[in-house]
$ cat work.cif   # mmCIF, C-alpha atoms
data_run
loop_
_atom_site.label_atom_id
_atom_site.label_comp_id
_atom_site.auth_asym_id
_atom_site.auth_seq_id
_atom_site.Cartn_x
_atom_site.Cartn_y
_atom_site.Cartn_z
CA MET A 1 0.00 0.00 0.00
CA THR A 2 1.37 3.40 -1.00
CA GLY A 3 1.19 6.73 0.81
CA ARG A 4 -1.49 7.78 -1.68
CA ASP A 5 -3.56 4.71 -0.81
CA ILE A 6 -3.21 5.31 2.93
CA ARG A 7 -4.36 8.91 2.65
CA LEU A 8 -7.30 8.04 0.38
CA ASN A 9 -8.38 5.29 2.77
CA LYS A 10 -8.42 7.83 5.58
CA LEU A 11 -10.68 10.11 3.56
CA PHE A 12 -13.08 7.29 2.69
CA SER A 13 -12.64 5.50 6.01
CA GLY A 14 -14.38 2.15 6.16
CA GLY A 15 -15.68 2.64 2.64
CA GLU A 16 -17.96 5.50 3.74
CA ASN A 17 -18.67 8.53 1.61
CA ALA A 18 -16.69 11.64 2.49
CA VAL A 19 -17.80 14.99 3.91
CA VAL A 20 -15.43 17.89 3.27
CA VAL A 21 -15.94 21.43 4.59
CA ALA A 22 -14.38 24.15 2.43
CA VAL A 23 -13.00 27.28 4.12
CA ASP A 24 -10.69 28.50 1.35
CA HIS A 25 -13.01 31.27 0.13
CA GLY A 26 -10.78 34.04 1.47
CA GLU A 27 -8.16 33.16 -1.11
CA PHE A 28 -10.47 34.67 -3.73
CA ASP A 29 -13.07 36.71 -1.85
CA GLY A 30 -11.23 38.03 1.18
CA PRO A 31 -13.11 37.80 4.50
CA ILE A 32 -16.74 36.74 4.06
CA PRO A 33 -19.47 36.20 6.67
CA GLY A 34 -18.74 33.17 8.79
CA MET A 35 -15.08 33.15 7.78
CA VAL A 36 -13.79 36.49 9.02
CA ASP A 37 -11.79 34.87 11.83
CA LEU A 38 -10.88 31.57 10.19
CA ARG A 39 -9.29 30.22 13.37
CA GLU A 40 -12.66 30.51 15.08
CA THR A 41 -14.46 29.13 12.03
CA VAL A 42 -12.51 25.88 12.03
CA ARG A 43 -13.08 25.48 15.78
CA GLN A 44 -16.77 25.09 14.93
CA ILE A 45 -16.19 22.24 12.47
CA ASP A 46 -17.56 18.99 13.87
CA PRO A 47 -15.23 15.97 14.22
CA CYS A 48 -17.58 13.92 12.00
CA VAL A 49 -16.19 15.89 9.03
CA ASP A 50 -13.54 13.93 7.11
CA ALA A 51 -11.50 16.81 5.70
CA ILE A 52 -11.20 20.57 5.51
CA LEU A 53 -10.29 22.35 2.27
CA ILE A 54 -8.05 25.28 3.13
CA SER A 55 -5.70 27.76 1.48
CA PRO A 56 -1.95 27.23 1.82
CA GLY A 57 -1.29 30.37 3.85
CA MET A 58 -4.03 29.67 6.39
CA LEU A 59 -2.92 26.19 7.37
CA ALA A 60 -0.36 27.59 9.81
CA HIS A 61 -3.02 29.77 11.46
CA CYS A 62 -5.52 26.92 11.76
CA GLY A 63 -3.28 24.02 12.71
CA HIS A 64 -5.37 23.31 15.81
CA ALA A 65 -8.10 21.93 13.54
CA PHE A 66 -5.81 19.12 12.41
CA ALA A 67 -3.50 18.50 15.37
CA TYR A 68 -5.34 15.82 17.33
CA LYS A 69 -6.09 12.12 17.00
CA GLY A 70 -8.99 11.56 14.63
CA ALA A 71 -8.88 15.12 13.27
CA PRO A 72 -10.09 15.96 9.75
CA LEU A 73 -7.55 15.68 6.95
CA ALA A 74 -6.11 18.87 5.47
CA ILE A 75 -6.74 19.41 1.76
CA VAL A 76 -4.67 22.34 0.50
CA ARG A 77 -5.44 24.23 -2.72
CA VAL A 78 -2.15 24.66 -4.59
CA ASN A 79 -3.11 26.76 -7.62
CA TRP A 80 -4.97 30.04 -8.00
CA SER A 81 -7.41 30.88 -10.78
CA SER A 82 -9.17 34.12 -11.62
CA VAL A 83 -12.33 32.12 -12.42
CA TYR A 84 -13.21 32.22 -8.70
CA ALA A 85 -12.99 36.01 -8.45
CA PHE A 86 -16.70 36.56 -9.14
CA HIS A 87 -16.71 39.94 -7.39
CA TRP A 88 -14.39 41.29 -10.08
CA ASN A 89 -16.42 39.67 -12.88
CA TYR A 90 -13.42 37.58 -13.92
CA ASN A 91 -14.07 34.53 -16.09
CA ASP A 92 -10.98 33.97 -18.22
CA ALA A 93 -9.55 31.41 -15.75
CA GLU A 94 -5.99 32.70 -15.81
CA THR A 95 -4.33 30.17 -13.53
CA VAL A 96 -1.02 30.14 -11.67
CA GLN A 97 0.74 28.00 -9.10
CA ALA A 98 0.12 29.28 -5.60
CA VAL A 99 2.47 27.01 -3.67
CA ASP A 100 4.87 24.16 -4.33
CA VAL A 101 3.32 20.79 -3.48
CA ALA A 102 6.30 19.88 -1.29
CA ASP A 103 5.83 23.11 0.68
CA ALA A 104 2.13 22.36 1.14
CA ILE A 105 2.98 18.92 2.50
CA ALA A 106 5.63 20.38 4.80
CA SER A 107 2.92 22.69 6.16
CA GLY A 108 0.67 19.73 6.97
CA ALA A 109 -1.33 18.93 3.83
CA ASP A 110 -2.68 15.38 3.56
CA LEU A 111 -4.10 15.91 0.07
CA VAL A 112 -3.77 18.69 -2.48
CA LEU A 113 -6.42 20.23 -4.71
CA VAL A 114 -5.60 21.40 -8.22
CA SER A 115 -8.32 23.17 -10.18
CA LEU A 116 -8.83 23.05 -13.93
CA THR A 117 -10.97 25.23 -16.19
CA LEU A 118 -11.34 24.45 -19.88
CA LYS A 119 -13.34 26.01 -22.73
CA THR A 120 -12.12 29.43 -21.61
CA GLY A 121 -12.33 30.88 -25.11
CA SER A 122 -8.59 30.52 -25.66
CA GLU A 123 -7.00 27.28 -26.81
CA ALA A 124 -3.63 28.51 -25.54
CA ARG A 125 -5.08 29.25 -22.08
CA ASP A 126 -6.78 25.86 -21.94
CA ALA A 127 -3.50 24.17 -22.82
CA ALA A 128 -1.63 26.22 -20.20
CA ASN A 129 -4.20 25.23 -17.57
CA VAL A 130 -3.76 21.56 -18.47
CA GLU A 131 0.01 21.89 -18.31
CA LEU A 132 -0.14 23.44 -14.86
CA PHE A 133 -2.54 20.76 -13.60
CA CYS A 134 -0.30 17.97 -14.89
CA ARG A 135 2.86 19.54 -13.44
CA LEU A 136 1.34 19.91 -9.96
CA ALA A 137 -0.29 16.49 -10.10
CA SER A 138 3.05 14.96 -11.00
CA GLN A 139 4.70 16.65 -8.01
CA ALA A 140 2.03 15.23 -5.73
CA LYS A 141 2.26 11.71 -7.10
CA HIS A 142 6.03 11.64 -6.58
CA LEU A 143 5.38 12.53 -2.94
CA GLY A 144 2.60 9.99 -2.41
CA VAL A 145 -0.14 12.59 -1.95
CA PRO A 146 -3.59 12.20 -3.56
CA VAL A 147 -4.71 14.87 -6.02
CA VAL A 148 -8.21 16.30 -5.83
CA GLY A 149 -8.94 17.59 -9.31
CA GLU A 150 -11.53 20.37 -9.32
CA PHE A 151 -13.39 21.02 -12.54
CA PHE A 152 -14.88 24.53 -12.47
CA PRO A 153 -16.29 25.96 -15.71
CA ALA A 154 -15.93 29.57 -16.74
CA HIS A 155 -19.15 31.63 -16.67
CA SER A 156 -20.59 29.01 -14.32
CA GLN A 157 -23.37 31.31 -13.14
CA SER A 158 -24.73 31.90 -16.64
CA LEU A 159 -24.55 28.40 -18.12
CA THR A 160 -27.77 26.56 -18.89
CA LYS A 161 -28.25 23.25 -17.10
CA GLU A 162 -27.43 21.46 -20.37
CA GLN A 163 -24.22 23.46 -20.87
CA MET A 164 -23.18 22.88 -17.26
CA HIS A 165 -23.77 19.15 -17.57
CA ASP A 166 -21.85 18.89 -20.84
CA GLN A 167 -18.84 20.71 -19.44
CA VAL A 168 -18.83 18.79 -16.15
CA LEU A 169 -19.27 15.45 -17.92
CA ARG A 170 -16.31 16.09 -20.21
CA GLY A 171 -14.20 17.93 -17.66
CA CYS A 172 -14.37 15.23 -15.00
CA ARG A 173 -13.35 12.53 -17.45
CA ILE A 174 -10.49 14.72 -18.70
CA LEU A 175 -9.29 15.24 -15.13
CA ALA A 176 -9.33 11.50 -14.50
CA GLU A 177 -7.44 10.91 -17.75
CA LEU A 178 -4.85 13.48 -16.65
CA GLY A 179 -4.29 11.72 -13.32
CA ALA A 180 -6.69 13.09 -10.69
CA ASP A 181 -7.30 10.64 -7.82
CA LEU A 182 -10.72 12.11 -7.03
CA ILE A 183 -12.73 15.02 -8.33
CA LYS A 184 -14.68 17.96 -6.90
CA THR A 185 -17.25 19.50 -9.21
CA PHE A 186 -20.78 20.85 -9.66
CA TYR A 187 -23.84 18.68 -9.30
CA THR A 188 -25.69 18.43 -12.62
CA TYR A 189 -29.19 17.31 -13.51
CA LYS A 190 -27.76 14.08 -14.95
CA PHE A 191 -25.09 13.54 -12.33
CA ASP A 192 -25.25 9.76 -12.71
CA GLU A 193 -23.78 10.20 -16.21
CA VAL A 194 -20.89 12.18 -14.74
CA THR A 195 -20.06 9.56 -12.12
CA ALA A 196 -20.58 6.65 -14.54
CA GLY A 197 -18.13 8.18 -17.00
CA CYS A 198 -15.46 8.84 -14.39
CA PRO A 199 -13.30 6.02 -12.95
CA VAL A 200 -12.35 7.95 -9.80
CA PRO A 201 -14.55 9.16 -6.92
CA VAL A 202 -16.54 12.34 -7.60
CA LEU A 203 -17.51 14.76 -4.82
CA GLY A 204 -20.28 17.28 -5.44
CA LEU A 205 -19.75 20.86 -4.34
CA GLY A 206 -22.34 22.98 -2.58
CA ALA A 207 -22.07 26.06 -4.84
CA GLU A 208 -24.27 28.99 -3.80
CA LYS A 209 -25.75 29.23 -0.31
CA THR A 210 -29.21 27.70 -0.26
CA PRO A 211 -32.02 29.71 1.39
CA LYS A 212 -32.76 26.88 3.84
CA GLN A 213 -30.58 24.21 5.42
CA ILE A 214 -32.93 21.41 4.39
CA GLN A 215 -32.29 22.37 0.75
CA ALA A 216 -28.55 21.89 1.22
CA LEU A 217 -29.19 18.47 2.78
CA GLU A 218 -31.44 17.58 -0.14
CA LEU A 219 -28.66 18.59 -2.55
CA ALA A 220 -26.28 16.30 -0.68
CA GLN A 221 -28.76 13.46 -0.99
CA ARG A 222 -29.09 14.02 -4.76
CA ILE A 223 -25.31 14.01 -5.12
CA VAL A 224 -25.00 10.66 -3.34
CA ASP A 225 -28.01 9.18 -5.13
CA GLY A 226 -26.32 10.18 -8.40
CA GLY A 227 -23.23 8.13 -7.60
CA GLY A 228 -21.21 10.81 -5.82
CA ARG A 229 -18.82 9.59 -3.15
CA GLY A 230 -19.39 12.62 -0.97
CA VAL A 231 -19.69 16.39 -0.82
CA VAL A 232 -17.57 19.52 -0.45
CA PHE A 233 -19.70 22.19 1.21
CA GLY A 234 -18.47 25.66 2.21
CA ARG A 235 -21.02 28.42 2.73
CA ASN A 236 -23.81 25.87 3.24
CA ALA A 237 -21.84 24.24 6.07
CA ILE A 238 -20.57 27.44 7.69
CA GLN A 239 -23.06 30.29 7.13
CA VAL A 240 -25.76 28.66 9.25
CA PRO A 241 -26.97 29.28 12.83
CA ASP A 242 -25.21 26.20 14.24
CA PRO A 243 -22.46 24.98 11.89
CA ALA A 244 -21.57 21.88 13.94
CA ALA A 245 -25.21 20.75 14.11
CA PHE A 246 -25.63 21.19 10.36
CA GLN A 247 -22.41 19.29 9.70
CA ARG A 248 -23.60 16.39 11.86
CA ALA A 249 -26.85 16.31 9.90
CA LEU A 250 -24.88 16.44 6.66
CA CYS A 251 -22.73 13.50 7.76
CA ASP A 252 -25.87 11.51 8.55
CA VAL A 253 -27.25 12.14 5.06
CA VAL A 254 -24.01 11.54 3.16
CA LYS A 255 -22.55 8.67 5.21
CA LYS A 256 -25.57 6.93 6.70
CA GLY A 257 -28.20 7.54 4.04
CA LYS A 258 -30.53 9.28 6.45
CA ALA A 259 -33.37 11.28 4.91
CA PRO A 260 -32.72 15.04 4.95
CA ALA A 261 -35.88 15.85 6.92
CA GLU A 262 -35.02 13.23 9.53
CA ALA A 263 -31.42 14.44 9.83
CA ALA A 264 -32.58 18.05 10.17
CA ARG A 265 -35.03 17.07 12.90
CA ASP A 266 -32.53 14.87 14.76
CA HIS A 267 -30.02 17.72 14.96
CA GLY A 268 -32.47 20.51 15.65
CA LEU A 269 -31.77 22.57 12.54
CA THR A 270 -33.68 25.83 12.33
CA ASP A 271 -33.44 28.68 9.81
#
$ encode --input "work.cif" --output "C-alpha cells"
Amino acid sequence: MTGRDIRLNKLFSGGENAVVVAVDHGEFDGPIPGMVDLRETVRQIDPCVDAILISPGMLAHCGHAFAYKGAPLAIVRVNWSSVYAFHWNYNDAETVQAVDVADAIASGADLVLVSLTLKTGSEARDAANVELFCRLASQAKHLGVPVVGEFFPAHSQSLTKEQMHDQVLRGCRILAELGADLIKTFYTYKFDEVTAGCPVPVLGLGAEKTPKQIQALELAQRIVDGGGRGVVFGRNAIQVPDPAAFQRALCDVVKKGKAPAEAARDHGLTD
C-alpha cells in the first residue's frame, strides 16, 4: 500500500462517503461572513467531518483543527485561478501555481487540490491550464499525496443546465485521464452520467448558499443518489446558525443515508 492509498483510505474511512468542509473562500473573496476569523471558524467544524479544504497560507493559522487524533484531513489548494474572483467579474480562468506541493505537505497537507478550467475561449489558455494541472499532479504523485482535481467551468453562473452538464461530464473525465485521484465539481441534472463516466470518486460541491438548510441536505442526498462519493460544502456548512449541528446532519445524510428531513429534525436545525 502506497502513501497515496493510505491517505485516500483515511478520507473514505471504512468505505464511507466523504464529507469535506471548504473554508478557502478568502483566497479569492477576502473575509466573508462566517469566515472572518478563520481560526474561530474551524473550531466550529464537527469531528464527523472527514477533511477541511483550506488555502496554503491559512494552514499555519488553523493548525489546531488538524492537530489531534482523529482530526479531519487537510486538503490544500495549490493553484490560484481568476475564475473564482466573481466579485471582479473575472471569467478567463488565468491560472497560476500558488504554492509548491512539497511546501504544502511540509505545512501539513494530507491531500492537495488542483483546479482546472477548460473552454475558456482561448485554446492557448486551456493548454496552459492543463500543463499546470499535470505539473502539480506529477509533483504530488512523486510525494505519495492524492490529487483532488476540481473542474470549475468559466461563466458558471450563466450556463444553462445542459451546458453545465456537458462541461462537467467532459471535464471530470479529462481530469481523470490526466491523473486526478478524485474530483470535486458541480452537481448536474444528470449527475449519474458524470459519475458513470469517471473512474475515480466524484464529490459534489455545494455552490451557492441555499435559502434553507434542508435544501442543502437535499442537494447532498441528490449528489450521493447520483453516484457521488461525498460532498464539499463551504457556505452551506458554515453560514448557518449552528455549523456543527448542520455538519452532523450532513454526515448523517451523506454517510448513513438518512433522509434530509429526519437528519434536520434529529439535529435541531432551524433557519
$ resolve_selection --input "work.cif" --expression "the PyMOL selection byres ((chain A and resi 185) around 8)" --output "list in words"
Glu150, Phe151, Phe152, Val168, Cys172, Ile183, Lys184, Phe186, Tyr187, Val202, Leu203, Gly204 and Leu205 of chain A
$ resolve_selection --input "work.cif" --expression "the PyMOL selection byres ((chain A and resi 260-267) around 12)" --output "VMD selection string"
chain A and resid 212 to 222 242 to 259 268 to 271
$ closest_residue --input "work.cif" --among "A:Lys161, A:Asp100, A:Trp88, A:Pro146" --to "A:Phe28" --atoms "all atoms listed in the file"
A:Trp88
$ closest_residue --input "work.cif" --among "A:Gly228, A:Ala109, A:Pro211, A:Ala18" --to "A:Pro199" --atoms "only C-alpha atoms"
A:Gly228
$ closest_residue --input "work.cif" --among "A:Ala137, A:Ser156, A:Met58, A:Ile32" --to "A:Asp92" --atoms "only C-alpha atoms"
A:Ser156
$ residues_around --input "work.cif" --residues "A:Val21" --least-positions-apart "3" --cutoff "6 Å" --atoms "all atoms listed in the file" --output "MDAnalysis selection string"
chainID A and resid 52 232:234
$ resolve_selection --input "work.cif" --expression "the PyMOL selection byres ((chain A and resi 74-77) around 8)" --output "list in words"
Asp24, Ala51, Ile52, Leu53, Ile54, Ser55, Pro56, Phe66, Pro72, Leu73, Val78, Asn79, Trp80, Ala104, Gly108, Ala109, Asp110, Leu111, Val112, Leu113 and Val114 of chain A
$ closest_residue --input "work.cif" --among "A:Ser138, A:Asn91, A:Asn17, A:Ser82" --to "A:Ala154" --atoms "only C-alpha atoms"
A:Asn91
$ atom_distance --input "work.cif" --atom1 "atom CA of A:Gly171" --atom2 "atom CA of A:Phe133"
12.7 Å
$ residues_around --input "work.cif" --residues "A:Asp5" --least-positions-apart "4" --cutoff "9 Å" --atoms "all atoms listed in the file" --output "ChimeraX atom specification"
/A:1,9-10,144-146
$ write_last_selection --input "work.cif" --atoms "C-alpha atoms" --output "PDB file, keeping the file's coordinate frame"
ATOM      1  CA  MET A   1       0.000   0.000   0.000  1.00  0.00           C
ATOM      2  CA  ASN A   9      -8.380   5.290   2.770  1.00  0.00           C
ATOM      3  CA  LYS A  10      -8.420   7.830   5.580  1.00  0.00           C
ATOM      4  CA  GLY A 144       2.600   9.990  -2.410  1.00  0.00           C
ATOM      5  CA  VAL A 145      -0.140  12.590  -1.950  1.00  0.00           C
ATOM      6  CA  PRO A 146      -3.590  12.200  -3.560  1.00  0.00           C
TER       7      PRO A 146
END
$ atom_distance --input "work.cif" --atom1 "atom CA of A:Leu8" --atom2 "atom CA of A:Val200"
11.4 Å
